[in-house]
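Dumped start.cif below, it's mmCIF, C-alpha atoms and all ligand atoms:
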data_start
#
loop_
_atom_site.label_atom_id
_atom_site.label_comp_id
_atom_site.auth_asym_id
_atom_site.auth_seq_id
_atom_site.Cartn_x
_atom_site.Cartn_y
_atom_site.Cartn_z
CA MET Y 1 20.07 7.75 -12.99
CA LYS Y 2 17.04 5.54 -13.60
CA GLN Y 3 13.71 7.23 -12.81
CA TYR Y 4 11.71 4.93 -10.55
CA LYS Y 5 8.02 5.02 -9.77
CA PHE Y 6 7.10 4.72 -6.12
CA ILE Y 7 3.67 3.81 -4.84
CA LEU Y 8 2.49 4.35 -1.29
CA ALA Y 9 1.18 0.98 -0.06
CA PRO Y 10 -2.23 0.77 1.56
CA LEU Y 11 -1.78 0.52 5.33
CA ARG Y 12 -5.10 0.44 7.10
CA GLY Y 13 -5.02 2.75 10.10
CA TYR Y 14 -1.96 4.66 8.80
CA THR Y 15 -2.07 5.78 5.18
CA ASN Y 16 -5.39 7.52 5.66
CA LYS Y 17 -6.29 10.76 3.94
CA GLU Y 18 -4.38 13.02 6.33
CA TYR Y 19 -1.21 10.97 5.93
CA ARG Y 20 -1.50 10.89 2.12
CA TYR Y 21 -2.06 14.64 2.00
CA VAL Y 22 0.92 15.47 4.21
CA LEU Y 23 3.28 12.88 2.72
CA THR Y 24 2.74 13.99 -0.87
CA LYS Y 25 2.84 17.68 0.10
CA ASN Y 26 6.26 17.29 1.73
CA PHE Y 27 8.06 14.72 -0.37
CA LYS Y 28 8.63 14.01 -4.06
CA PHE Y 29 8.52 10.88 -6.21
CA ILE Y 30 5.28 9.29 -5.04
CA SER Y 31 3.40 8.57 -8.23
CA SER Y 32 0.40 6.75 -6.73
CA CYS Y 33 -1.21 6.14 -3.38
CA TYR Y 34 -3.25 2.96 -2.95
CA MET Y 35 -5.96 3.47 -0.38
CA PRO Y 36 -6.54 1.06 2.52
CA PHE Y 37 -9.22 -1.39 1.45
CA PHE Y 38 -12.93 -0.74 1.17
CA SER Y 39 -14.81 -3.89 2.09
CA VAL Y 40 -17.74 -5.08 0.00
CA THR Y 41 -19.96 -7.95 1.08
CA ASP Y 42 -23.19 -9.28 -0.44
CA SER Y 43 -24.97 -6.07 -1.26
CA ILE Y 44 -23.95 -4.00 -4.26
CA PRO Y 45 -22.76 -0.55 -3.11
CA THR Y 46 -24.85 2.24 -4.63
CA LYS Y 47 -24.08 5.36 -2.57
CA PHE Y 48 -20.70 6.98 -3.10
CA SER Y 49 -21.39 9.36 -0.20
CA LYS Y 50 -20.76 6.43 2.16
CA TYR Y 51 -17.14 6.25 0.99
CA MET Y 52 -16.34 9.92 0.35
CA GLY Y 53 -14.96 10.52 3.84
CA ALA Y 54 -11.94 8.33 3.08
CA PHE Y 55 -10.74 10.68 0.31
CA THR Y 56 -9.03 14.07 0.78
CA GLU Y 57 -10.85 17.12 -0.60
CA ASP Y 58 -8.12 17.40 -3.23
CA GLU Y 59 -8.52 13.75 -4.20
CA LEU Y 60 -12.27 14.25 -4.63
CA ASN Y 61 -11.60 17.32 -6.77
CA HIS Y 62 -8.80 15.59 -8.72
CA ASN Y 63 -6.47 18.35 -7.65
CA ILE Y 64 -3.55 16.05 -6.83
CA THR Y 65 -0.06 15.35 -8.10
CA TYR Y 66 -0.37 11.59 -7.62
CA GLN Y 67 -2.87 8.96 -8.69
CA VAL Y 68 -5.18 7.80 -5.94
CA VAL Y 69 -6.18 4.15 -6.23
CA PRO Y 70 -9.10 2.86 -4.16
CA GLN Y 71 -8.68 -0.77 -3.14
CA ILE Y 72 -11.51 -3.29 -2.81
CA ILE Y 73 -11.63 -6.41 -0.67
CA GLY Y 74 -14.47 -8.87 -1.23
CA ASN Y 75 -15.35 -12.14 -2.93
CA LYS Y 76 -18.75 -11.58 -4.54
CA PRO Y 77 -18.35 -10.87 -8.27
CA ALA Y 78 -21.49 -8.73 -8.52
CA SER Y 79 -20.63 -6.59 -5.48
CA VAL Y 80 -16.99 -6.10 -6.52
CA ALA Y 81 -18.05 -5.16 -10.06
CA GLY Y 82 -20.84 -2.93 -8.72
CA PHE Y 83 -18.40 -1.07 -6.52
CA CYS Y 84 -16.00 -0.66 -9.45
CA MET Y 85 -18.81 1.01 -11.42
CA LEU Y 86 -19.66 3.27 -8.51
CA LEU Y 87 -16.02 4.31 -8.19
CA ARG Y 88 -15.69 4.87 -11.94
CA ASP Y 89 -18.89 6.92 -12.10
CA ASN Y 90 -17.55 9.15 -9.34
CA GLY Y 91 -14.23 9.81 -11.01
CA PHE Y 92 -12.06 6.97 -9.68
CA PRO Y 93 -11.62 4.52 -12.56
CA VAL Y 94 -8.23 3.17 -11.43
CA ILE Y 95 -8.96 0.41 -8.93
CA ASN Y 96 -7.00 -2.28 -7.09
CA PHE Y 97 -8.25 -5.61 -5.77
CA ASN Y 98 -6.90 -7.10 -2.55
CA LEU Y 99 -5.68 -10.70 -2.81
CA GLY Y 100 -3.13 -10.27 -0.06
CA CYS Y 101 -4.69 -9.40 3.30
CA PRO Y 102 -3.42 -12.05 5.77
CA MET Y 103 -5.68 -11.28 8.76
CA PRO Y 104 -7.44 -14.52 9.83
CA GLN Y 105 -10.79 -12.75 10.28
CA ILE Y 106 -10.56 -11.84 6.56
CA THR Y 107 -8.98 -14.99 5.12
CA LYS Y 108 -11.34 -17.38 6.88
CA LYS Y 109 -14.18 -15.67 4.99
CA THR Y 110 -12.36 -16.41 1.70
CA ARG Y 111 -11.40 -12.78 1.19
CA GLY Y 112 -8.00 -11.17 0.66
CA CYS Y 113 -5.34 -13.88 0.75
CA GLY Y 114 -8.10 -16.39 1.53
CA LEU Y 115 -9.01 -16.31 -2.18
CA LEU Y 116 -5.62 -17.59 -3.35
CA PRO Y 117 -6.46 -21.31 -2.94
CA HIS Y 118 -9.59 -20.64 -5.08
CA PRO Y 119 -8.47 -19.54 -8.56
CA ASP Y 120 -11.98 -20.34 -9.84
CA MET Y 121 -13.45 -17.67 -7.53
CA ILE Y 122 -10.80 -15.18 -8.64
CA ARG Y 123 -11.76 -15.93 -12.23
CA SER Y 124 -15.46 -15.29 -11.60
CA ILE Y 125 -14.64 -11.92 -10.02
CA LEU Y 126 -12.35 -10.92 -12.89
CA ASP Y 127 -14.97 -12.09 -15.43
CA GLU Y 128 -17.49 -9.62 -13.96
CA VAL Y 129 -15.01 -6.80 -13.51
CA PHE Y 130 -13.67 -6.99 -17.04
CA LYS Y 131 -17.18 -6.59 -18.46
CA ILE Y 132 -17.04 -2.99 -17.24
CA ASP Y 133 -15.89 -0.25 -19.60
CA GLY Y 134 -13.64 2.58 -18.61
CA ILE Y 135 -11.78 1.16 -15.65
CA SER Y 136 -8.19 0.20 -15.06
CA PHE Y 137 -7.98 -2.76 -12.72
CA SER Y 138 -4.99 -4.22 -10.89
CA VAL Y 139 -4.45 -6.77 -8.13
CA LYS Y 140 -2.22 -6.94 -5.07
CA ILE Y 141 -1.21 -10.45 -4.14
CA ARG Y 142 0.87 -12.63 -1.81
CA LEU Y 143 2.50 -15.94 -2.72
CA GLY Y 144 -0.24 -17.94 -1.07
CA LEU Y 145 -2.41 -18.50 1.95
CA LYS Y 146 -0.48 -21.52 3.24
CA SER Y 147 1.75 -22.60 0.37
CA LYS Y 148 3.66 -20.76 -2.32
CA ASP Y 149 2.40 -23.32 -4.84
CA GLU Y 150 -0.95 -21.53 -4.70
CA ILE Y 151 0.26 -18.59 -6.77
CA LEU Y 152 1.24 -21.00 -9.54
CA SER Y 153 -2.45 -21.80 -10.11
CA VAL Y 154 -3.46 -18.13 -9.81
CA ILE Y 155 -1.00 -16.66 -12.33
CA PRO Y 156 -2.60 -18.37 -15.40
CA VAL Y 157 -5.97 -16.96 -14.30
CA LEU Y 158 -4.56 -13.43 -13.92
CA ASN Y 159 -2.87 -13.80 -17.31
CA ASP Y 160 -6.27 -14.24 -18.97
CA TYR Y 161 -7.24 -10.61 -18.21
CA PRO Y 162 -5.76 -7.25 -19.23
CA LEU Y 163 -4.75 -6.26 -15.72
CA ASP Y 164 -3.05 -2.92 -15.33
CA SER Y 165 -0.50 -4.48 -12.96
CA VAL Y 166 0.06 -7.13 -10.33
CA THR Y 167 1.72 -5.99 -7.12
CA VAL Y 168 3.48 -8.94 -5.51
CA HIS Y 169 4.34 -9.07 -1.81
CA PRO Y 170 6.47 -12.23 -1.67
CA ARG Y 171 5.29 -13.70 1.64
CA LEU Y 172 2.68 -16.24 2.61
CA SER Y 173 -0.36 -15.22 4.58
CA THR Y 174 0.95 -17.29 7.50
CA ASP Y 175 4.12 -15.10 7.56
CA ARG Y 176 1.98 -12.00 8.15
CA TYR Y 177 4.73 -9.32 7.99
CA GLU Y 178 7.48 -11.35 9.70
CA GLY Y 179 10.67 -12.94 8.40
CA VAL Y 180 12.37 -12.09 5.14
CA CYS Y 181 10.57 -11.73 1.82
CA ASP Y 182 10.97 -14.76 -0.45
CA ILE Y 183 12.93 -13.08 -3.22
CA ASP Y 184 13.95 -16.38 -4.79
CA THR Y 185 10.36 -17.42 -5.37
CA PHE Y 186 9.58 -13.89 -6.59
CA GLY Y 187 12.39 -14.26 -9.14
CA THR Y 188 11.09 -17.65 -10.25
CA ILE Y 189 7.53 -16.47 -10.89
CA LEU Y 190 8.33 -12.99 -12.27
CA PRO Y 191 8.67 -14.09 -15.93
CA SER Y 192 5.30 -15.88 -15.79
CA PHE Y 193 3.19 -12.72 -15.43
CA LYS Y 194 1.81 -11.20 -18.62
CA SER Y 195 1.04 -7.86 -16.98
CA LYS Y 196 3.37 -5.37 -15.38
CA VAL Y 197 4.72 -6.50 -12.00
CA ILE Y 198 5.23 -4.15 -9.08
CA TYR Y 199 7.45 -5.33 -6.24
CA ASN Y 200 6.39 -4.76 -2.63
CA GLY Y 201 8.09 -5.72 0.60
CA ASP Y 202 10.67 -4.55 3.14
CA ILE Y 203 12.12 -1.64 1.16
CA VAL Y 204 13.31 0.53 4.04
CA ASP Y 205 16.55 2.13 2.86
CA ASN Y 206 18.97 2.37 -0.07
CA GLU Y 207 20.57 -0.95 0.82
CA SER Y 208 17.34 -2.96 0.82
CA PHE Y 209 16.20 -1.15 -2.34
CA LYS Y 210 19.45 -1.93 -4.18
CA ARG Y 211 19.11 -5.59 -3.25
CA ILE Y 212 15.91 -5.66 -5.31
CA THR Y 213 16.87 -3.32 -8.16
CA SER Y 214 20.23 -4.99 -8.77
CA ARG Y 215 18.63 -8.42 -8.96
CA PHE Y 216 15.53 -7.40 -10.94
CA ALA Y 217 16.72 -4.69 -13.32
CA GLU Y 218 13.54 -5.06 -15.39
CA LEU Y 219 11.38 -3.60 -12.58
CA ASP Y 220 10.74 0.13 -12.44
CA THR Y 221 7.83 0.46 -10.01
CA PHE Y 222 7.97 -0.28 -6.31
CA MET Y 223 5.32 -0.16 -3.63
CA ILE Y 224 6.48 0.91 -0.18
CA GLY Y 225 4.52 0.73 3.05
CA ARG Y 226 6.29 0.62 6.39
CA GLY Y 227 9.48 2.11 4.92
CA LEU Y 228 7.54 5.34 4.38
CA LEU Y 229 6.25 5.22 7.94
CA TYR Y 230 9.79 4.83 9.29
CA LYS Y 231 11.15 7.48 6.93
CA PRO Y 232 8.53 9.64 5.21
CA PHE Y 233 11.31 11.11 2.99
CA LEU Y 234 12.41 7.63 1.84
CA THR Y 235 11.45 8.07 -1.83
CA GLU Y 236 13.79 11.09 -2.03
CA GLU Y 237 16.67 9.06 -0.58
CA LEU Y 238 16.00 6.17 -2.96
CA GLN Y 239 15.62 8.26 -6.10
CA SER Y 240 18.78 10.27 -5.31
CA GLU Y 241 20.61 7.12 -4.18
CA THR Y 242 21.75 9.10 -1.14
CA ASP Y 243 21.32 8.64 2.58
CA PHE Y 244 20.50 11.97 4.20
CA SER Y 245 22.50 12.95 7.28
CA TYR Y 246 20.90 12.49 10.70
CA GLU Y 247 20.33 16.26 10.95
CA GLU Y 248 18.73 16.47 7.53
CA ARG Y 249 16.46 13.54 8.25
CA ILE Y 250 15.26 15.13 11.48
CA GLU Y 251 14.74 18.50 9.79
CA ARG Y 252 12.70 16.95 6.98
CA PHE Y 253 10.74 14.81 9.37
CA GLN Y 254 9.93 17.74 11.64
CA SER Y 255 8.31 19.84 8.93
CA PHE Y 256 6.34 16.79 7.78
CA TYR Y 257 5.31 16.06 11.36
CA ALA Y 258 4.15 19.62 12.02
CA ASP Y 259 1.87 19.31 8.97
CA LEU Y 260 0.65 15.89 10.10
CA LEU Y 261 -0.31 17.18 13.55
CA GLU Y 262 -2.16 20.07 11.92
CA ALA Y 263 -3.99 17.73 9.55
CA LEU Y 264 -5.01 15.35 12.36
CA LYS Y 265 -6.25 18.16 14.64
CA GLY Y 266 -9.79 17.60 15.79
CA LYS Y 267 -9.90 13.92 14.84
CA GLN Y 268 -11.62 11.79 17.43
CA ASN Y 269 -8.76 9.32 17.70
CA TYR Y 270 -6.05 12.01 17.60
CA MET Y 271 -3.92 10.64 20.46
CA SER Y 272 -4.16 6.98 19.55
CA GLN Y 273 -3.37 7.82 15.94
CA ILE Y 274 -0.23 9.73 16.94
CA LYS Y 275 0.81 6.93 19.25
CA ALA Y 276 0.41 4.44 16.39
CA TYR Y 277 2.60 6.56 14.09
CA TRP Y 278 5.29 6.93 16.73
CA ALA Y 279 5.80 3.17 16.87
CA TYR Y 280 7.44 3.84 13.48
CA PHE Y 281 8.68 7.45 13.80
CA LYS Y 282 10.74 6.59 16.90
CA SER Y 283 13.31 4.79 14.78
CA LEU Y 284 14.39 8.15 13.29
CA TYR Y 285 15.69 9.54 16.55
CA LYS Y 286 18.75 8.49 18.53
CA ASP Y 287 16.59 8.83 21.66
CA GLY Y 288 13.52 7.43 19.88
CA GLU Y 289 12.59 4.89 22.57
CA GLU Y 290 12.52 7.63 25.22
CA ARG Y 291 10.39 9.90 23.04
CA TYR Y 292 8.03 7.02 22.27
CA LYS Y 293 7.64 6.17 25.95
CA ARG Y 294 6.76 9.79 26.76
CA ILE Y 295 4.16 9.86 23.97
CA VAL Y 296 2.60 6.59 25.06
CA LYS Y 297 2.47 7.86 28.66
CA SER Y 298 0.85 11.15 27.72
C1 LIG Y 301 -0.89 -2.04 9.59
C2 LIG Y 301 -0.96 -2.55 8.18
C3 LIG Y 301 -2.12 -2.34 7.42
C4 LIG Y 301 -2.20 -2.83 6.10
N1 LIG Y 301 -3.34 -2.59 5.36
C5 LIG Y 301 -3.41 -3.04 4.07
C6 LIG Y 301 -4.56 -2.79 3.23
O1 LIG Y 301 -5.54 -2.15 3.63
N2 LIG Y 301 -4.53 -3.29 1.97
C7 LIG Y 301 -3.45 -4.00 1.47
O2 LIG Y 301 -3.47 -4.42 0.32
N3 LIG Y 301 -2.37 -4.22 2.23
C8 LIG Y 301 -2.31 -3.75 3.49
N4 LIG Y 301 -1.17 -3.96 4.23
C9 LIG Y 301 0.01 -4.56 3.57
C10 LIG Y 301 0.89 -3.46 2.96
O3 LIG Y 301 0.23 -2.77 1.93
C11 LIG Y 301 2.20 -4.04 2.39
O4 LIG Y 301 1.88 -5.01 1.45
C12 LIG Y 301 3.07 -4.66 3.48
O5 LIG Y 301 3.19 -3.80 4.60
C13 LIG Y 301 4.46 -5.01 2.95
O6 LIG Y 301 5.09 -3.85 2.43
P1 LIG Y 301 6.18 -3.03 3.28
O7 LIG Y 301 7.22 -4.02 3.72
O8 LIG Y 301 6.71 -1.99 2.34
O9 LIG Y 301 5.47 -2.44 4.45
C14 LIG Y 301 -1.09 -3.52 5.55
C15 LIG Y 301 0.05 -3.72 6.32
C16 LIG Y 301 0.14 -3.26 7.61
C17 LIG Y 301 1.40 -3.49 8.40
#

Structure encoded using structure tokens:
Amino acid sequence: MKQYKFILAPLRGYTNKEYRYVLTKNFKFISSCYMPFFSVTDSIPTKFSKYMGAFTEDELNHNITYQVVPQIIGNKPASVAGFCMLLRDNGFPVINFNLGCPMPQITKKTRGCGLLPHPDMIRSILDEVFKIDGISFSVKIRLGLKSKDEILSVIPVLNDYPLDSVTVHPRLSTDRYEGVCDIDTFGTILPSFKSKVIYNGDIVDNESFKRITSRFAELDTFMIGRGLLYKPFLTEELQSETDFSYEERIERFQSFYADLLEALKGKQNYMSQIKAYWAYFKSLYKDGEERYKRIVKS
């Protein structure tokens, strides 16, 4: 059986430190967790203490079984590079750059996916970043802001730098997270990347995973976001190529959930956080809608 590498996708508001701690404690086969983005604007970040709260104690002490990858969103070369140095100097040299966030309040400021129509800006950021020693830098990208032709002008820029990897989520910004991923375009552009490509998008069960692995046998690393919210044990099902029974799923979920509640205890937004998770967790239960309604009501 092929050994796959699974990466927890950054999901702002969900894959926070408590979730990462509990997920990796309960389930196997998660090799890396990308953190939800840190935003940098004009000023160059100088104080790591400002960002420490986003990491688990174990992540700060490097006492973890997975690689934690901070993600940066921004468009100012000096600030992005400055933040990379700050992260490196505090023990986090493996860093990802966000070229995929589709939220209009981000893209209209030429950040995230908003950078894709501007390969020249991407180049100036990469120029600064790759002057820094001792970091491993990757990007996470969509096909484009408005048109999938945009990525065709971005790939040659990315190919000019020794990126650790490029994670591709094959949708446009305008698709947000709706509709099907554009696997055909993904297949067309895949051979053009010089660096390792990681696939991301709509892997939610063995069937959807097989659709990708059977078509792209050369891939070995997959980033999963919502699939791991629906089914926190998903990596174990995928690696074993088995669907757990309903009873086993519930049993595994319940021990994970008990740990999650414990980890979230005392957080200011405890109830709203649990409610947000249940929008996903409900799909596990036959009476999920009922359970969800009760949670929302409480
Ligand atoms: C609520 C939410 C928050 C997200 N936050 C981030 C983020 O901070 N950084 C990022 O690169 N992508 C973010 N994404 C995109 C995911 O990382 C991922 O690319 C997307 O959900 C598609 O993968 P999936 O189908 O496995 O969920 C977010 C997506 C959602 C739904």

TODO: Please write out the residues within 10 Å of ligand LIG 301 (chain Y) as an MDAnalysis selection string, counting only C-alpha atoms and all ligand atoms.
DONE: chainID Y and resid 7:16 34:39 70:73 96:103 112:113 139:142 167:171 176:178 180:181 199:204 222:230 276

Would you put the residues from that selection into a file with C-alpha atoms, as a PDB file, in the frame of the given file?
ATOM      1  CA  ILE Y   7       3.670   3.810  -4.840  1.00  0.00           C
ATOM      2  CA  LEU Y   8       2.490   4.350  -1.290  1.00  0.00           C
ATOM      3  CA  ALA Y   9       1.180   0.980  -0.060  1.00  0.00           C
ATOM      4  CA  PRO Y  10      -2.230   0.770   1.560  1.00  0.00           C
ATOM      5  CA  LEU Y  11      -1.780   0.520   5.330  1.00  0.00           C
ATOM      6  CA  ARG Y  12      -5.100   0.440   7.100  1.00  0.00           C
ATOM      7  CA  GLY Y  13      -5.020   2.750  10.100  1.00  0.00           C
ATOM      8  CA  TYR Y  14      -1.960   4.660   8.800  1.00  0.00           C
ATOM      9  CA  THR Y  15      -2.070   5.780   5.180  1.00  0.00           C
ATOM     10  CA  ASN Y  16      -5.390   7.520   5.660  1.00  0.00           C
ATOM     11  CA  TYR Y  34      -3.250   2.960  -2.950  1.00  0.00           C
ATOM     12  CA  MET Y  35      -5.960   3.470  -0.380  1.00  0.00           C
ATOM     13  CA  PRO Y  36      -6.540   1.060   2.520  1.00  0.00           C
ATOM     14  CA  PHE Y  37      -9.220  -1.390   1.450  1.00  0.00           C
ATOM     15  CA  PHE Y  38     -12.930  -0.740   1.170  1.00  0.00           C
ATOM     16  CA  SER Y  39     -14.810  -3.890   2.090  1.00  0.00           C
ATOM     17  CA  PRO Y  70      -9.100   2.860  -4.160  1.00  0.00           C
ATOM     18  CA  GLN Y  71      -8.680  -0.770  -3.140  1.00  0.00           C
ATOM     19  CA  ILE Y  72     -11.510  -3.290  -2.810  1.00  0.00           C
ATOM     20  CA  ILE Y  73     -11.630  -6.410  -0.670  1.00  0.00           C
ATOM     21  CA  ASN Y  96      -7.000  -2.280  -7.090  1.00  0.00           C
ATOM     22  CA  PHE Y  97      -8.250  -5.610  -5.770  1.00  0.00           C
ATOM     23  CA  ASN Y  98      -6.900  -7.100  -2.550  1.00  0.00           C
ATOM     24  CA  LEU Y  99      -5.680 -10.700  -2.810  1.00  0.00           C
ATOM     25  CA  GLY Y 100      -3.130 -10.270  -0.060  1.00  0.00           C
ATOM     26  CA  CYS Y 101      -4.690  -9.400   3.300  1.00  0.00           C
ATOM     27  CA  PRO Y 102      -3.420 -12.050   5.770  1.00  0.00           C
ATOM     28  CA  MET Y 103      -5.680 -11.280   8.760  1.00  0.00           C
ATOM     29  CA  GLY Y 112      -8.000 -11.170   0.660  1.00  0.00           C
ATOM     30  CA  CYS Y 113      -5.340 -13.880   0.750  1.00  0.00           C
ATOM     31  CA  VAL Y 139      -4.450  -6.770  -8.130  1.00  0.00           C
ATOM     32  CA  LYS Y 140      -2.220  -6.940  -5.070  1.00  0.00           C
ATOM     33  CA  ILE Y 141      -1.210 -10.450  -4.140  1.00  0.00           C
ATOM     34  CA  ARG Y 142       0.870 -12.630  -1.810  1.00  0.00           C
ATOM     35  CA  THR Y 167       1.720  -5.990  -7.120  1.00  0.00           C
ATOM     36  CA  VAL Y 168       3.480  -8.940  -5.510  1.00  0.00           C
ATOM     37  CA  HIS Y 169       4.340  -9.070  -1.810  1.00  0.00           C
ATOM     38  CA  PRO Y 170       6.470 -12.230  -1.670  1.00  0.00           C
ATOM     39  CA  ARG Y 171       5.290 -13.700   1.640  1.00  0.00           C
ATOM     40  CA  ARG Y 176       1.980 -12.000   8.150  1.00  0.00           C
ATOM     41  CA  TYR Y 177       4.730  -9.320   7.990  1.00  0.00           C
ATOM     42  CA  GLU Y 178       7.480 -11.350   9.700  1.00  0.00           C
ATOM     43  CA  VAL Y 180      12.370 -12.090   5.140  1.00  0.00           C
ATOM     44  CA  CYS Y 181      10.570 -11.730   1.820  1.00  0.00           C
ATOM     45  CA  TYR Y 199       7.450  -5.330  -6.240  1.00  0.00           C
ATOM     46  CA  ASN Y 200       6.390  -4.760  -2.630  1.00  0.00           C
ATOM     47  CA  GLY Y 201       8.090  -5.720   0.600  1.00  0.00           C
ATOM     48  CA  ASP Y 202      10.670  -4.550   3.140  1.00  0.00           C
ATOM     49  CA  ILE Y 203      12.120  -1.640   1.160  1.00  0.00           C
ATOM     50  CA  VAL Y 204      13.310   0.530   4.040  1.00  0.00           C
ATOM     51  CA  PHE Y 222       7.970  -0.280  -6.310  1.00  0.00           C
ATOM     52  CA  MET Y 223       5.320  -0.160  -3.630  1.00  0.00           C
ATOM     53  CA  ILE Y 224       6.480   0.910  -0.180  1.00  0.00           C
ATOM     54  CA  GLY Y 225       4.520   0.730   3.050  1.00  0.00           C
ATOM     55  CA  ARG Y 226       6.290   0.620   6.390  1.00  0.00           C
ATOM     56  CA  GLY Y 227       9.480   2.110   4.920  1.00  0.00           C
ATOM     57  CA  LEU Y 228       7.540   5.340   4.380  1.00  0.00           C
ATOM     58  CA  LEU Y 229       6.250   5.220   7.940  1.00  0.00           C
ATOM     59  CA  TYR Y 230       9.790   4.830   9.290  1.00  0.00           C
ATOM     60  CA  ALA Y 276       0.410   4.440  16.390  1.00  0.00           C
TER      61      ALA Y 276
END

- [ ] Calculate how many Å separate atom CA of Y:Tyr21 from atom CA of Y:Ile95, rounding to one decimal.
- [x]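 A separation of 19.2 Å between them.
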
Open item on the list: One number please: atom CA of Y:Tyr161 to atom CA of Y:Lys196, in Å, one decimal.
Closed with: 12.2 Å

Open item on the list: Report, in Å to a single decimal, how far apart atom CA of Y:Pro45 and atom CA of Y:Gly134 are.
Closed with: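 A separation of 18.3 Å between them.
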
TODO: Rank nothing, just name the residue among Y:Asn206, Y:Ser43, Y:Thr221, Y:Ser192 nearest to Y:Glu236, using only C-alpha atoms.
DONE: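 Result for the nearest residue to Y:Glu236: Y:Asn206.
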
- [ ] Tell me which of Y:Ser147, Y:Glu18, Y:Lys286, Y:Phe92 sits closest to Y:Lys265, counting all atoms listed in the file.
- [x]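 Among the listed residues, the smallest separation from Y:Lys265 belongs to Y:Glu18.
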
Can you tell me, as a PDB file with C-alpha atoms, in the coordinates of the input, what residues are no more than 8 Å from Y:Ser136 when counting all atoms listed in the file, ignoring any on the same chain fewer than 5 positions away?
ATOM      1  CA  PRO Y  93     -11.620   4.520 -12.560  1.00  0.00           C
ATOM      2  CA  VAL Y  94      -8.230   3.170 -11.430  1.00  0.00           C
ATOM      3  CA  ILE Y  95      -8.960   0.410  -8.930  1.00  0.00           C
ATOM      4  CA  LEU Y 163      -4.750  -6.260 -15.720  1.00  0.00           C
ATOM      5  CA  ASP Y 164      -3.050  -2.920 -15.330  1.00  0.00           C
TER       6      ASP Y 164
END

- [ ] Would you mind telling me which residue in Y:Ser49, Y:Thr110, Y:His118, Y:Lys131 lies nearest to Y:Ala78 when using only C-alpha atoms?
- [x] Y:Lys131

TODO: Mind checking which residues fall within 8 Å of Y:Arg111, counting only C-alpha atoms, ignoring those fewer than 3 positions away in the same chain, and posting them as a ChimeraX atom specification?
DONE: /Y:73-75,99,101,106-108,114-115

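Closest approach to Y:Ser255 from the set Y:Asn61, Y:Asn26, Y:Gln105, Y:Ser31 is made by Y:Asn26, with distances taken over only C-alpha atoms.
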
Task: Residue among Y:Pro119, Y:Ile295, Y:Asp127, Y:Lys17 lying closest to Y:Phe55, counting only C-alpha atoms - done: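 Closest residue, counting only C-alpha atoms: Y:Lys17.
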
TODO: Identify which of the residues Y:Ala54, Y:Met121, Y:Ile183, Y:Leu60 lies closest to Y:Lys76, counting all atoms listed in the file when measuring atom-to-atom distances.
DONE: Y:Met121
